[in-house]
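Undergrad: Below you'll find my_file_30.cif; it's mmCIF, C-alpha atoms.
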```
data_structure
#
loop_
_atom_site.group_PDB
_atom_site.id
_atom_site.type_symbol
_atom_site.label_atom_id
_atom_site.label_comp_id
_atom_site.auth_asym_id
_atom_site.auth_seq_id
_atom_site.Cartn_x
_atom_site.Cartn_y
_atom_site.Cartn_z
ATOM 1 C CA MET A 11 1.501 -51.080 82.717
ATOM 2 C CA ALA A 12 -1.820 -51.748 81.230
ATOM 3 C CA THR A 13 -2.743 -50.252 77.791
ATOM 4 C CA ASP A 14 -5.727 -47.971 77.513
ATOM 5 C CA ARG A 15 -7.738 -49.510 74.737
ATOM 6 C CA ASN A 16 -10.213 -46.581 74.645
ATOM 7 C CA VAL A 17 -7.637 -44.031 73.194
ATOM 8 C CA ALA A 18 -8.378 -43.178 69.491
ATOM 9 C CA PRO A 19 -5.577 -43.808 66.983
ATOM 10 C CA VAL A 20 -3.699 -40.818 65.509
ATOM 11 C CA ILE A 21 -4.403 -40.335 61.734
ATOM 12 C CA ILE A 22 -1.937 -38.217 59.706
ATOM 13 C CA LYS A 23 -3.217 -36.726 56.410
ATOM 14 C CA ARG A 24 -0.714 -35.473 53.791
ATOM 15 C CA LYS A 25 -2.127 -33.003 51.264
ATOM 16 C CA LYS A 26 -0.491 -32.489 47.841
ATOM 17 C CA VAL A 27 -0.359 -28.773 47.039
ATOM 18 C CA ILE A 28 -0.624 -27.926 43.320
ATOM 19 C CA VAL A 29 0.611 -24.441 42.398
ATOM 20 C CA ALA A 30 -1.673 -22.792 39.821
ATOM 21 C CA GLY A 31 -0.271 -21.187 36.648
ATOM 22 C CA GLY A 32 2.291 -23.829 35.724
ATOM 23 C CA HIS A 33 3.904 -24.276 32.359
ATOM 24 C CA HIS A 34 1.011 -26.469 31.138
ATOM 25 C CA GLY A 35 3.380 -28.593 29.137
ATOM 26 C CA GLY A 36 4.689 -25.701 26.973
ATOM 27 C CA ALA A 37 1.715 -25.572 24.599
ATOM 28 C CA TRP A 38 1.412 -21.806 25.068
ATOM 29 C CA LYS A 39 4.848 -21.331 23.555
ATOM 30 C CA VAL A 40 3.699 -22.872 20.282
ATOM 31 C CA ALA A 41 0.643 -20.616 20.198
ATOM 32 C CA TYR A 42 2.751 -17.551 20.933
ATOM 33 C CA ALA A 43 5.220 -18.476 18.188
ATOM 34 C CA ASP A 44 2.365 -18.783 15.690
ATOM 35 C CA PHE A 45 1.043 -15.398 16.774
ATOM 36 C CA ALA A 46 4.489 -13.767 16.439
ATOM 37 C CA THR A 47 4.942 -15.294 12.969
ATOM 38 C CA ALA A 48 1.535 -14.034 11.862
ATOM 39 C CA MET A 49 2.298 -10.521 13.105
ATOM 40 C CA MET A 50 5.659 -10.544 11.339
ATOM 41 C CA ALA A 51 3.970 -11.569 8.090
ATOM 42 C CA PHE A 52 1.359 -8.836 8.559
ATOM 43 C CA PHE A 53 3.916 -6.079 9.096
ATOM 44 C CA MET A 54 5.973 -7.385 6.165
ATOM 45 C CA LEU A 55 2.860 -7.125 3.983
ATOM 46 C CA MET A 56 2.212 -3.573 5.159
ATOM 47 C CA TRP A 57 5.803 -2.610 4.395
ATOM 48 C CA LEU A 58 5.652 -4.104 0.910
ATOM 49 C CA LEU A 59 2.431 -2.250 0.117
ATOM 50 C CA ASN A 60 3.996 1.025 1.218
ATOM 51 C CA ALA A 61 7.470 0.606 -0.274
ATOM 52 C CA THR A 62 6.625 -0.711 -3.747
ATOM 53 C CA THR A 63 5.115 0.766 -6.884
ATOM 54 C CA GLU A 64 1.996 -0.480 -8.606
ATOM 55 C CA LYS A 65 4.117 -2.230 -11.238
ATOM 56 C CA GLN A 66 6.235 -3.946 -8.584
ATOM 57 C CA ARG A 67 3.145 -5.086 -6.695
ATOM 58 C CA LYS A 68 1.791 -6.541 -9.925
ATOM 59 C CA GLY A 69 5.063 -8.441 -10.329
ATOM 60 C CA ILE A 70 4.859 -9.780 -6.778
ATOM 61 C CA SER A 71 1.275 -10.867 -7.407
ATOM 62 C CA ASP A 72 2.260 -12.628 -10.615
ATOM 63 C CA TYR A 73 5.063 -14.400 -8.775
ATOM 64 C CA PHE A 74 2.547 -16.191 -6.565
ATOM 65 C CA SER A 75 0.209 -17.037 -9.435
ATOM 66 C CA PRO A 76 0.303 -20.688 -10.533
ATOM 67 C CA THR A 77 1.991 -20.422 -13.913
ATOM 68 C CA ALA A 78 3.547 -23.884 -14.072
ATOM 69 C CA PRO A 79 2.378 -26.165 -16.909
ATOM 70 C CA ILE A 80 -0.747 -28.023 -15.873
ATOM 71 C CA SER A 81 -2.552 -31.111 -17.154
ATOM 72 C CA ARG A 82 -5.769 -30.622 -19.098
ATOM 73 C CA LEU A 83 -6.700 -34.320 -18.870
ATOM 74 C CA SER A 84 -9.252 -35.759 -16.490
ATOM 75 C CA SER A 85 -8.129 -38.139 -13.813
ATOM 76 C CA GLY A 86 -10.621 -40.861 -14.830
ATOM 77 C CA SER A 87 -11.652 -41.505 -11.259
ATOM 78 C CA ASP A 88 -14.956 -41.198 -9.503
ATOM 79 C CA GLY A 89 -13.621 -39.098 -6.650
ATOM 80 C CA MET A 90 -15.057 -35.932 -5.237
ATOM 81 C CA LEU A 91 -14.154 -34.049 -8.401
ATOM 82 C CA MET A 92 -16.258 -36.545 -10.438
ATOM 83 C CA GLY A 93 -13.537 -37.795 -12.730
ATOM 84 C CA GLU A 94 -11.807 -34.433 -13.300
ATOM 85 C CA SER A 95 -8.317 -33.443 -12.406
ATOM 86 C CA VAL A 96 -7.866 -30.704 -9.844
ATOM 87 C CA PHE A 97 -5.861 -28.880 -12.526
ATOM 88 C CA ALA A 98 -8.316 -29.445 -15.354
ATOM 89 C CA SER A 99 -9.002 -26.357 -17.436
ATOM 90 C CA ASP A 100 -12.733 -26.373 -16.712
ATOM 91 C CA VAL A 101 -12.312 -26.965 -12.979
ATOM 92 C CA LEU A 102 -9.838 -24.244 -12.159
ATOM 93 C CA PRO A 103 -12.132 -21.302 -12.941
ATOM 94 C CA ARG A 104 -14.955 -22.801 -10.865
ATOM 95 C CA MET A 105 -12.647 -23.432 -7.943
ATOM 96 C CA GLY A 106 -11.207 -19.942 -8.136
ATOM 97 C CA VAL A 107 -7.635 -21.253 -8.179
ATOM 98 C CA GLY A 108 -5.225 -20.487 -10.964
ATOM 99 C CA ALA A 109 -7.860 -19.300 -13.409
ATOM 100 C CA SER A 110 -5.580 -16.491 -14.514
ATOM 101 C CA SER A 111 -2.931 -18.990 -15.602
ATOM 102 C CA LEU A 112 -5.317 -20.373 -18.249
ATOM 103 C CA GLN A 113 -6.047 -17.040 -19.831
ATOM 104 C CA GLU A 114 -4.068 -15.894 -22.817
ATOM 105 C CA PRO A 115 -1.989 -12.795 -22.056
ATOM 106 C CA PRO A 116 -3.317 -9.619 -23.637
ATOM 107 C CA SER A 117 -1.931 -9.015 -27.066
ATOM 108 C CA THR A 118 0.773 -6.367 -27.217
ATOM 109 C CA SER A 119 1.087 -6.413 -30.985
ATOM 110 C CA SER A 120 -0.870 -3.164 -31.338
ATOM 111 C CA GLN A 121 1.270 -1.460 -28.681
ATOM 112 C CA ASP A 122 4.448 -2.683 -30.344
ATOM 113 C CA SER A 123 3.164 -1.493 -33.701
ATOM 114 C CA ASP A 124 2.377 1.969 -32.320
ATOM 115 C CA GLU A 125 5.806 2.187 -30.721
ATOM 116 C CA GLN A 126 7.484 1.168 -33.961
ATOM 117 C CA ASP A 127 5.500 3.796 -35.842
ATOM 118 C CA GLN A 128 6.565 6.423 -33.313
ATOM 119 C CA ASN A 129 10.208 5.423 -33.563
ATOM 120 C CA SER A 130 10.105 5.476 -37.359
ATOM 121 C CA GLN A 131 8.605 8.976 -37.287
ATOM 122 C CA PHE A 132 11.243 10.116 -34.802
ATOM 123 C CA LYS A 133 13.974 8.676 -37.037
ATOM 124 C CA GLU A 134 12.542 10.525 -40.020
ATOM 125 C CA VAL A 135 12.767 13.835 -38.136
ATOM 126 C CA GLN A 136 16.334 13.016 -37.092
ATOM 127 C CA ASP A 137 17.266 12.242 -40.687
ATOM 128 C CA VAL A 138 15.761 15.481 -41.938
ATOM 129 C CA LEU A 139 17.473 17.638 -39.313
ATOM 130 C CA LEU A 140 20.890 15.990 -39.443
ATOM 131 C CA GLY A 141 20.999 15.256 -43.153
ATOM 132 C CA LEU A 142 21.181 11.484 -42.768
ATOM 133 C CA SER A 143 18.735 11.158 -45.632
ATOM 134 C CA GLY A 144 20.822 13.367 -47.914
ATOM 135 C CA GLU A 145 18.973 16.639 -47.373
ATOM 136 C CA SER A 146 19.646 18.481 -44.139
ATOM 137 C CA MET A 147 17.626 21.392 -42.834
ATOM 138 C CA LEU A 148 20.625 22.486 -40.761
ATOM 139 C CA GLU A 149 23.863 23.804 -42.164
ATOM 140 C CA ASP A 150 27.094 22.041 -41.301
ATOM 141 C CA ARG A 151 28.125 24.737 -38.836
ATOM 142 C CA TRP A 152 24.873 24.218 -36.985
ATOM 143 C CA LEU A 153 25.288 20.485 -36.607
ATOM 144 C CA ARG A 154 28.003 20.854 -33.978
ATOM 145 C CA HIS A 155 25.345 22.437 -31.752
ATOM 146 C CA VAL A 156 22.819 19.611 -32.106
ATOM 147 C CA VAL A 157 22.487 16.161 -30.554
ATOM 148 C CA THR A 158 19.431 13.974 -31.012
ATOM 149 C CA ARG A 159 18.385 10.801 -29.231
ATOM 150 C CA VAL A 160 15.282 8.671 -28.768
ATOM 151 C CA THR A 161 14.339 7.870 -25.176
ATOM 152 C CA ASP A 162 11.384 6.361 -23.352
ATOM 153 C CA GLU A 163 9.965 9.863 -23.078
ATOM 154 C CA GLY A 164 10.248 10.617 -26.777
ATOM 155 C CA LEU A 165 12.549 12.271 -29.320
ATOM 156 C CA VAL A 166 15.020 14.634 -27.620
ATOM 157 C CA LEU A 167 16.593 17.452 -29.643
ATOM 158 C CA GLU A 168 19.425 19.003 -27.665
ATOM 159 C CA PHE A 169 20.892 22.373 -28.711
ATOM 160 C CA PHE A 170 24.006 23.519 -26.858
ATOM 161 C CA ASP A 171 26.645 26.253 -26.859
ATOM 162 C CA ALA A 172 30.086 25.905 -28.349
ATOM 163 C CA GLU A 173 33.027 27.628 -26.667
ATOM 164 C CA ASP A 174 33.214 30.299 -29.370
ATOM 165 C CA ASP A 175 29.645 30.211 -30.613
ATOM 166 C CA PRO A 176 26.850 30.626 -28.019
ATOM 167 C CA LEU A 177 23.161 30.257 -28.750
ATOM 168 C CA PHE A 178 22.153 33.013 -26.333
ATOM 169 C CA THR A 179 23.724 36.315 -25.334
ATOM 170 C CA ASN A 180 23.158 38.589 -22.354
ATOM 171 C CA GLY A 181 21.694 35.715 -20.412
ATOM 172 C CA ALA A 182 18.696 34.762 -22.553
ATOM 173 C CA ASP A 183 18.733 36.708 -25.836
ATOM 174 C CA PRO A 184 18.632 34.203 -28.731
ATOM 175 C CA THR A 185 21.307 34.687 -31.381
ATOM 176 C CA LYS A 186 20.700 34.520 -35.113
ATOM 177 C CA LEU A 187 21.926 30.942 -35.036
ATOM 178 C CA MET A 188 19.360 30.009 -32.379
ATOM 179 C CA ARG A 189 16.596 31.605 -34.436
ATOM 180 C CA GLU A 190 17.617 29.656 -37.523
ATOM 181 C CA ILE A 191 17.690 26.414 -35.549
ATOM 182 C CA ALA A 192 14.251 27.161 -34.105
ATOM 183 C CA TYR A 193 12.878 27.736 -37.605
ATOM 184 C CA SER A 194 14.319 24.433 -38.814
ATOM 185 C CA VAL A 195 12.822 22.642 -35.823
ATOM 186 C CA ARG A 196 9.450 24.199 -36.601
ATOM 187 C CA GLU A 197 9.622 22.900 -40.175
ATOM 188 C CA ALA A 198 10.668 19.433 -39.022
ATOM 189 C CA SER A 199 7.865 19.359 -36.439
ATOM 190 C CA LYS A 200 5.339 19.279 -39.281
ATOM 191 C CA LEU A 201 6.233 15.622 -39.681
ATOM 192 C CA LEU A 202 4.902 14.887 -36.185
ATOM 193 C CA LYS A 203 1.707 15.492 -34.215
ATOM 194 C CA ASN A 204 3.305 14.928 -30.811
ATOM 195 C CA ASP A 205 3.175 17.439 -27.995
ATOM 196 C CA VAL A 206 6.413 19.158 -27.043
ATOM 197 C CA ALA A 207 8.274 19.861 -23.813
ATOM 198 C CA VAL A 208 11.038 22.481 -23.563
ATOM 199 C CA GLU A 209 13.757 22.273 -20.897
ATOM 200 C CA GLY A 210 16.362 24.928 -20.122
ATOM 201 C CA HIS A 211 19.819 24.171 -18.680
ATOM 202 C CA VAL A 212 22.774 26.499 -18.029
ATOM 203 C CA ALA A 213 26.333 26.197 -16.769
ATOM 204 C CA THR A 214 27.328 27.193 -13.263
ATOM 205 C CA VAL A 215 28.277 30.843 -12.865
ATOM 206 C CA PRO A 216 32.028 30.982 -12.115
ATOM 207 C CA VAL A 217 31.795 34.019 -9.809
ATOM 208 C CA ILE A 218 29.955 33.954 -6.510
ATOM 209 C CA ARG A 219 27.121 36.450 -6.707
ATOM 210 C CA LEU A 220 24.530 37.685 -4.280
ATOM 211 C CA ASP A 221 21.764 36.339 -6.506
ATOM 212 C CA ASP A 222 22.043 33.169 -8.561
ATOM 213 C CA PRO A 223 21.040 33.972 -12.173
ATOM 214 C CA THR A 224 21.113 30.383 -13.425
ATOM 215 C CA TRP A 225 17.461 29.699 -12.662
ATOM 216 C CA ASP A 226 16.280 32.871 -14.387
ATOM 217 C CA TRP A 227 18.527 32.237 -17.391
ATOM 218 C CA SER A 228 17.399 28.641 -17.844
ATOM 219 C CA ALA A 229 13.743 29.651 -17.573
ATOM 220 C CA ASP A 230 14.128 32.635 -19.896
ATOM 221 C CA ARG A 231 15.950 30.550 -22.506
ATOM 222 C CA ALA A 232 13.317 27.819 -22.413
ATOM 223 C CA PHE A 233 10.544 30.384 -22.846
ATOM 224 C CA ALA A 234 12.562 32.140 -25.575
ATOM 225 C CA LEU A 235 12.696 28.940 -27.640
ATOM 226 C CA SER A 236 8.996 28.259 -27.110
ATOM 227 C CA ASP A 237 8.177 31.821 -28.182
ATOM 228 C CA LEU A 238 10.320 31.426 -31.301
ATOM 229 C CA LEU A 239 8.539 28.194 -32.220
ATOM 230 C CA VAL A 240 5.106 29.761 -31.770
ATOM 231 C CA GLY A 241 6.231 32.821 -33.707
ATOM 232 C CA PHE A 242 7.226 30.576 -36.609
ATOM 233 C CA GLY A 243 3.784 28.951 -36.643
ATOM 234 C CA PHE A 244 4.087 26.124 -34.136
ATOM 235 C CA GLU A 245 0.763 25.320 -32.454
ATOM 236 C CA ALA A 246 0.815 26.742 -28.927
ATOM 237 C CA GLU A 247 -1.536 24.005 -27.645
ATOM 238 C CA ARG A 248 1.150 21.421 -28.412
ATOM 239 C CA LEU A 249 3.472 22.944 -25.813
ATOM 240 C CA ARG A 250 2.948 20.574 -22.899
ATOM 241 C CA ARG A 251 5.420 22.126 -20.458
ATOM 242 C CA VAL A 252 8.357 24.529 -20.148
ATOM 243 C CA THR A 253 10.841 23.635 -17.396
ATOM 244 C CA ALA A 254 13.899 25.370 -15.930
ATOM 245 C CA TYR A 255 16.646 23.229 -14.384
ATOM 246 C CA GLY A 256 19.198 25.938 -13.633
ATOM 247 C CA ASP A 257 22.668 24.399 -13.360
ATOM 248 C CA ARG A 258 21.467 21.247 -11.556
ATOM 249 C CA GLU A 259 21.963 18.750 -14.419
ATOM 250 C CA PRO A 260 25.381 19.255 -16.076
ATOM 251 C CA VAL A 261 26.302 16.876 -18.893
ATOM 252 C CA VAL A 262 30.088 17.160 -18.457
ATOM 253 C CA ASP A 263 32.311 16.955 -15.402
ATOM 254 C CA ASN A 264 33.140 20.674 -15.425
ATOM 255 C CA PRO A 265 29.933 22.409 -14.251
ATOM 256 C CA MET A 266 31.135 25.715 -15.733
ATOM 257 C CA ALA A 267 31.749 24.305 -19.233
ATOM 258 C CA ALA A 268 29.859 25.915 -22.090
ATOM 259 C CA ARG A 269 28.575 22.475 -23.071
ATOM 260 C CA ASN A 270 26.178 22.652 -20.118
ATOM 261 C CA ASN A 271 24.404 25.637 -21.672
ATOM 262 C CA ARG A 272 21.720 23.832 -23.598
ATOM 263 C CA ILE A 273 18.066 23.695 -24.533
ATOM 264 C CA GLU A 274 16.316 20.337 -24.810
ATOM 265 C CA LEU A 275 13.194 20.051 -26.907
ATOM 266 C CA VAL A 276 11.316 16.771 -26.440
ATOM 267 C CA PHE A 277 8.677 15.412 -28.783
ATOM 268 C CA LEU A 278 6.657 13.435 -26.241
ATOM 269 C CA ARG A 279 5.279 10.003 -27.016
ATOM 270 C CA PHE A 280 1.522 9.667 -27.281
#
```
For the structure just supplied, provide its representation as structure tokens.
TA:
Amino acid sequence: MATDRNVAPVIIKRKKVIVAGGHHGGAWKVAYADFATAMMAFFMLMWLLNATTEKQRKGISDYFSPTAPISRLSSGSDGMLMGESVFASDVLPRMGVGASSLQEPPSTSSQDSDEQDQNSQFKEVQDVLLGLSGESMLEDRWLRHVVTRVTDEGLVLEFFDAEDDPLFTNGADPTKLMREIAYSVREASKLLKNDVAVEGHVATVPVIRLDDPTWDWSADRAFALSDLLVGFGFEAERLRRVTAYGDREPVVDNPMAARNNRIELVFLRF
């Protein structure tokens, strides 16, 4: 059979289909990881700013300050810093890097001196009240009612009940002993110019009552001592605060012990 030479040849075209939105080699994963890391660092920063005090934030800031020993010598080269080391003392302030590390810390000698003066004055009052210097303003029977200590807040004079010898009766009426102690404290306070805080504490009432008298008693006793001090000539403007704590801060394990009935008078630091 003869072949028809006029028939056109059949041409088959194969098209390669490319699906859009492929993985693009995974580069987006690196970008996303960087973004997630940055967000984590941001939220960590926000948490630190909210959960720390000003002093703690200052410590964190100092931690990242360059405080390592640095060289003050020039590099001797003609580089971009024109012969100076990147850590040279005259370069750092201009570059804004590590300038704080070159500054001498503020002197604390005056603060230490003031604190030492305060402590020596507090010790003098303690010696006068307790007879450590040979002359006591309190009789021996009074001393078992008195504890003194120096704290960060100031000099604390604590007056407390004994089992058979209370300082207050009928809730908040000062006894003769309490009045004598208050007078001695007034005389000793002439050695100081510090302001004073008075805090009242009482023991837990052993019987369940409809009304809890501990708050009223602690407040009345604190005000009673402040009134005694003012009555003996203590300057009323030096009374910084009068606080009632009820029975919330016992000093012994038994909350009903007489030892928890106490008045704390604090000579506050300047």
Undergrad: Find the residues with any atom within 6 Å of (12.5, 22.7, -21.9); use only C-alpha atoms and the coordinates as given in the file, and write the answer as an MDAnalysis selection string.
TA: chainID A and resid 207:210 232 252:253 274:275
Undergrad: Which residues, written as JSON, numbers by chain, have at least one atom at most 8 Å from Ala198 (chain A), with all atoms listed in the file counted and residues fewer than 4 positions away on the same chain left out?
TA: {"A": [135, 138, 139, 194, 202]}
Undergrad: I need the output of the PyMOL selection byres ((chain A and resi 158-164) around 8) for this file as a VMD selection string; which residues are they?
TA: chain A and resid 129 132 136 156 to 157 165 to 168 276 to 279
Undergrad: What separation in Å, quoted to one decimal, exists between CA of Glu197 (chain A) and CA of Glu245 (chain A)?
TA: 12.0 Å
Undergrad: My list of candidates is A:Ile70, A:Val20, A:Ala234, A:Ala43. Which is closest to Leu58 (chain A) when distances are computed with only C-alpha atoms?
TA: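 Among the listed residues, the smallest separation from Leu58 (chain A) belongs to A:Ile70.
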Undergrad: Take CA of Asp122 (chain A) and CA of Leu140 (chain A) and report the distance between them in Å, one decimal.
TA: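 Between CA of Asp122 (chain A) and CA of Leu140 (chain A) the gap is 26.5 Å.
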Undergrad: Using all atoms listed in the file, which of the listed residues (A:Arg24, A:Arg231, A:Lys200, A:Arg151) sits closest to Asp183 (chain A)?
TA: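 Checking each of A:Arg24, A:Arg231, A:Lys200, A:Arg151 against Asp183 (chain A), counting all atoms listed in the file, the winner is A:Arg231.
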Undergrad: Need the shell around Pro216 (chain A): protein/DNA/RNA residues with any atom at most 8 Å away, counting all atoms listed in the file. Skip same-chain ones fewer than 2 positions apart. Format as a PDB file with C-alpha atoms, in the frame of the given file?
TA:
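Below is the file selection.pdb, written as the result:
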```pdb
ATOM      1  CA  THR A 214      27.328  27.193 -13.263  1.00  0.00           C
ATOM      2  CA  ILE A 218      29.955  33.954  -6.510  1.00  0.00           C
ATOM      3  CA  MET A 266      31.135  25.715 -15.733  1.00  0.00           C
TER       4      MET A 266
END
```
Undergrad: Tell me which residues the PyMOL selection byres ((chain A and resi 170) around 6) grabs here, as an MDAnalysis selection string.
TA: chainID A and resid 155 169 171 271:272
Undergrad: Provide the CA of Ala192 (chain A) to CA of Asp205 (chain A) distance in Å, to one decimal place.
TA: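 CA of Asp205 (chain A) lies 16.0 Å from CA of Ala192 (chain A).
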Undergrad: Listed atoms of region 240-244 of chain A, axis-aligned box, 3 Å per side: centre and edge lengths to one decimal in Å, as JSON?
TA:
```
{"center_x": 5.5, "center_y": 29.5, "center_z": -34.2, "size_x": 9.4, "size_y": 12.7, "size_z": 10.9}
```
Undergrad: Once the PyMOL selection byres ((chain A and resi 193) around 12) has been evaluated on this model, what residues remain selected, and can you format them as a list in words?
TA: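 With the PyMOL selection byres ((chain A and resi 193) around 12) on this model, the match is Leu139, Met147, Leu148, Lys186, Leu187, Met188, Arg189, Glu190, Ile191, Ala192, Ser194, Val195, Arg196, Glu197, Ala198, Ser199, Lys200, Leu235, Ser236, Asp237, Leu238, Leu239, Val240, Gly241, Phe242, Gly243 and Phe244 of chain A.
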Undergrad: Which residues, written as a ChimeraX atom specification, have at least one atom at most 8 Å from Asn270 (chain A), with only C-alpha atoms counted and residues fewer than 4 positions away on the same chain left out?
TA: /A:170-171,211-213,257,260-262,265-266
